[in-house]
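These notes concern the structure reproduced below.
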Amino acid sequence: MDAKKKRDTLLAETTLNDGVFIEDLRRQMIRFASLQLSDVHLAEDAVQEALAGALASAEHFAGRSALKTWIFAILKNKIADVLRHKQRLVNASSLPQDDEENEDFADLLFDQRRHWQADGRPTLWGNPEASFRQQQFWHVFEACLENLPAKQARVFMMREFIELETDDICAATGITPSNLFVLLHRARLRLQVCLGNKWYSNGERLC
Amino acid sequence: MLNCQEIIRLVSESQERPLTLREKISLRTHVMMCSGCSNYEKNMASLRLTMRAFAKGTNEKNKHEPESRDKG
């Protein structure tokens, strides 16, 4: 028990002293936090606090991925706090503007009666958990997220990654609930198409 | 009768707010007859599961630790 704890502590310390790993992690955290808060200084503060919190109890985390997951969990909470309490700092004008091409996107999927076109009709994904075990799936998933128009990506990540409630997102961004619902819906539709095309139609050969 | 484009919008909104009785009935009757929207609805549930796993860092675990050993 003690030996294991000692080993874990050592491992965590080694990890946190690995400059390349930390620098890389910090960059990812800043990128993520900046996107959510649209303010570099707020983002840097949140990242700094999350890293400091991690250093304080590093011995609980054996291995880099556990540590990274945990640091991001702290960061998520910090971002959620900032968004909830400093609502006016992030206002509607700071939401990125998307090109007005969303309707064209839907036109590719639906016919004139607004029913699915034959090649746009969704097929069933089946059990997603089987895909979770495949590293390639997560590469595809991240690529699909990155392809979302910026505004959609921002609110979708607030909702589904940071898990903020609708009211908090509306307050933080200054958009109306119905506006938010439209953006979330468009993001989900795009992800459905992207994952359907890039993974579930041909990537799922294993299992 | 709602069309598919309207139905999938309801599918998304059902994750955000309780649907009205009228909306629920429209959704259920449409989905019974339409495989595309029925698949879409099931896939949306999968998408939410996927995001939960993503937020928990399941992807990172798989990158570095092929076997699960996170309970120590």
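Residues are referred to by chain and number: the chain letter is A, B, ... according to the order shown in the structure tokens, the number counts from 1 in that chain, and ligands are numbered separately from 1 in the order shown.
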
Shell around B:Ile7 at 9 Å using only C-alpha atoms, local window under 4 positions removed, as a PDB file with all heavy atoms, in the first residue's frame:
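Saved the output as part.pdb:
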```pdb
ATOM      1  N   LEU B   2     -45.591  17.019 -39.271  1.00  0.00           N
ATOM      2  CA  LEU B   2     -44.291  17.668 -39.381  1.00  0.00           C
ATOM      3  C   LEU B   2     -43.407  16.909 -40.364  1.00  0.00           C
ATOM      4  O   LEU B   2     -43.520  15.688 -40.502  1.00  0.00           O
ATOM      5  CB  LEU B   2     -43.607  17.699 -38.005  1.00  0.00           C
ATOM      6  CG  LEU B   2     -44.304  18.523 -36.915  1.00  0.00           C
ATOM      7  CD1 LEU B   2     -43.523  18.435 -35.609  1.00  0.00           C
ATOM      8  CD2 LEU B   2     -44.462  19.972 -37.333  1.00  0.00           C
ATOM      9  N   ASN B   3     -42.541  17.654 -41.056  1.00  0.00           N
ATOM     10  CA  ASN B   3     -41.604  16.980 -41.960  1.00  0.00           C
ATOM     11  C   ASN B   3     -40.335  16.571 -41.212  1.00  0.00           C
ATOM     12  O   ASN B   3     -40.147  16.918 -40.045  1.00  0.00           O
ATOM     13  CB  ASN B   3     -41.297  17.878 -43.171  1.00  0.00           C
ATOM     14  CG  ASN B   3     -40.649  19.185 -42.747  1.00  0.00           C
ATOM     15  OD1 ASN B   3     -39.776  19.210 -41.883  1.00  0.00           O
ATOM     16  ND2 ASN B   3     -41.084  20.282 -43.359  1.00  0.00           N
ATOM     17  N   VAL B  11     -36.066  16.485 -31.992  1.00  0.00           N
ATOM     18  CA  VAL B  11     -35.201  15.485 -31.351  1.00  0.00           C
ATOM     19  C   VAL B  11     -34.106  16.194 -30.559  1.00  0.00           C
ATOM     20  O   VAL B  11     -33.834  15.877 -29.404  1.00  0.00           O
ATOM     21  CB  VAL B  11     -34.569  14.538 -32.401  1.00  0.00           C
ATOM     22  CG1 VAL B  11     -33.481  13.676 -31.777  1.00  0.00           C
ATOM     23  CG2 VAL B  11     -35.638  13.656 -33.032  1.00  0.00           C
ATOM     24  N   SER B  12     -33.518  17.203 -31.183  1.00  0.00           N
ATOM     25  CA  SER B  12     -32.463  17.957 -30.502  1.00  0.00           C
ATOM     26  C   SER B  12     -33.033  18.716 -29.303  1.00  0.00           C
ATOM     27  O   SER B  12     -32.450  18.708 -28.217  1.00  0.00           O
ATOM     28  CB  SER B  12     -31.798  18.925 -31.483  1.00  0.00           C
ATOM     29  OG  SER B  12     -30.853  19.731 -30.822  1.00  0.00           O
ATOM     30  N   SER B  26     -46.420  14.135 -32.090  1.00  0.00           N
ATOM     31  CA  SER B  26     -45.914  14.307 -33.458  1.00  0.00           C
ATOM     32  C   SER B  26     -44.623  13.526 -33.666  1.00  0.00           C
ATOM     33  O   SER B  26     -44.444  12.827 -34.667  1.00  0.00           O
ATOM     34  CB  SER B  26     -45.588  15.773 -33.744  1.00  0.00           C
ATOM     35  OG  SER B  26     -46.701  16.569 -33.577  1.00  0.00           O
ATOM     36  N   LEU B  27     -43.730  13.659 -32.684  1.00  0.00           N
ATOM     37  CA  LEU B  27     -42.436  13.001 -32.781  1.00  0.00           C
ATOM     38  C   LEU B  27     -42.587  11.482 -32.831  1.00  0.00           C
ATOM     39  O   LEU B  27     -42.052  10.814 -33.723  1.00  0.00           O
ATOM     40  CB  LEU B  27     -41.565  13.424 -31.583  1.00  0.00           C
ATOM     41  CG  LEU B  27     -40.185  12.792 -31.431  1.00  0.00           C
ATOM     42  CD1 LEU B  27     -39.316  13.072 -32.652  1.00  0.00           C
ATOM     43  CD2 LEU B  27     -39.490  13.307 -30.183  1.00  0.00           C
ATOM     44  N   HIS B  30     -44.257  10.143 -36.045  1.00  0.00           N
ATOM     45  CA  HIS B  30     -43.371  10.286 -37.202  1.00  0.00           C
ATOM     46  C   HIS B  30     -42.269   9.227 -37.169  1.00  0.00           C
ATOM     47  O   HIS B  30     -41.991   8.556 -38.167  1.00  0.00           O
ATOM     48  CB  HIS B  30     -42.758  11.691 -37.213  1.00  0.00           C
ATOM     49  CG  HIS B  30     -41.872  11.942 -38.391  1.00  0.00           C
ATOM     50  ND1 HIS B  30     -42.231  12.768 -39.431  1.00  0.00           N
ATOM     51  CD2 HIS B  30     -40.636  11.474 -38.709  1.00  0.00           C
ATOM     52  CE1 HIS B  30     -41.265  12.784 -40.335  1.00  0.00           C
ATOM     53  NE2 HIS B  30     -40.269  12.022 -39.906  1.00  0.00           N
ATOM     54  N   VAL B  31     -41.653   9.085 -36.004  1.00  0.00           N
ATOM     55  CA  VAL B  31     -40.515   8.179 -35.873  1.00  0.00           C
ATOM     56  C   VAL B  31     -40.925   6.721 -36.130  1.00  0.00           C
ATOM     57  O   VAL B  31     -40.157   5.924 -36.658  1.00  0.00           O
ATOM     58  CB  VAL B  31     -39.873   8.364 -34.471  1.00  0.00           C
ATOM     59  CG1 VAL B  31     -39.004   7.183 -34.097  1.00  0.00           C
ATOM     60  CG2 VAL B  31     -39.054   9.645 -34.440  1.00  0.00           C
ATOM     61  N   CYS B  37     -35.510   9.268 -39.450  1.00  0.00           N
ATOM     62  CA  CYS B  37     -35.637  10.034 -38.211  1.00  0.00           C
ATOM     63  C   CYS B  37     -35.494   9.146 -36.979  1.00  0.00           C
ATOM     64  O   CYS B  37     -34.983   9.575 -35.941  1.00  0.00           O
ATOM     65  CB  CYS B  37     -36.962  10.785 -38.173  1.00  0.00           C
ATOM     66  SG  CYS B  37     -36.991  12.144 -39.350  1.00  0.00           S
TER      67      CYS B  37
END
```

Given only C-alpha atoms, how would the per-residue table for chain A near chain B read, listing every residue at most 7 Å away with its closest atom pair and distance in Å to one decimal, sorted by chain and number, as CSV?
```
residue,atom,partner,partner_atom,distance
A:Ser65,CA,B:Lys61,CA,5.7
A:Thr69,CA,B:Gly57,CA,5.4
A:Arg114,CA,B:Gln5,CA,5.7
A:His115,CA,B:Cys4,CA,4.9
A:Trp116,CA,B:Cys4,CA,6.6
A:Arg121,CA,B:Gly36,CA,5.1
A:Pro122,CA,B:Gly36,CA,5.2
A:Thr123,CA,B:Asn39,CA,5.8
A:Leu124,CA,B:Asn39,CA,5.0
A:Trp125,CA,B:Asn43,CA,6.1
A:Pro128,CA,B:Ser46,CA,6.2
A:Arg133,CA,B:Asn62,CA,6.6
A:Gln135,CA,B:Asn62,CA,6.0
A:Trp138,CA,B:Asn59,CA,5.9
A:Glu160,CA,B:Met51,CA,6.3
A:Phe161,CA,B:Ala55,CA,5.4
A:Phe181,CA,B:Glu13,CA,6.4
A:His185,CA,B:Ser12,CA,5.5
```

Those same residues - C-alpha atoms - I'd like them written as a compact mmCIF listing (two decimals), in the first residue's frame.
```
# COMPACT_ATOMS: atom_id res chain seq x y z
CA SER A 65 -3.50 10.28 -18.85
CA THR A 69 -8.00 13.91 -17.39
CA ARG A 114 -38.11 18.55 -46.34
CA HIS A 115 -37.81 14.79 -46.05
CA TRP A 116 -34.48 12.95 -46.12
CA ARG A 121 -30.84 9.49 -44.62
CA PRO A 122 -29.12 8.54 -41.35
CA THR A 123 -28.19 4.93 -40.77
CA LEU A 124 -28.11 3.43 -37.30
CA TRP A 125 -24.75 3.74 -35.51
CA PRO A 128 -21.10 3.43 -29.67
CA ARG A 133 -12.17 1.51 -27.29
CA GLN A 135 -8.17 5.19 -30.74
CA TRP A 138 -11.45 9.51 -31.15
CA GLU A 160 -22.02 18.96 -23.81
CA PHE A 161 -18.44 19.20 -22.59
CA PHE A 181 -31.50 25.53 -29.53
CA HIS A 185 -29.38 21.48 -33.33
```

Using Å and a single decimal, report how far atom CA of A:Ile162 sits from atom CA of A:Ala80. 6.7 Å

Could you please determine the separation between atom CA of B:Met1 and atom CA of A:Gly196 in Å, to one decimal place?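 That distance, rounded to one decimal, is 27.1 Å.
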
Kindly give the distance, in Å, that separates atom CA of A:Ile79 and atom CA of A:Ala33, rounded to a single decimal. 7.0 Å
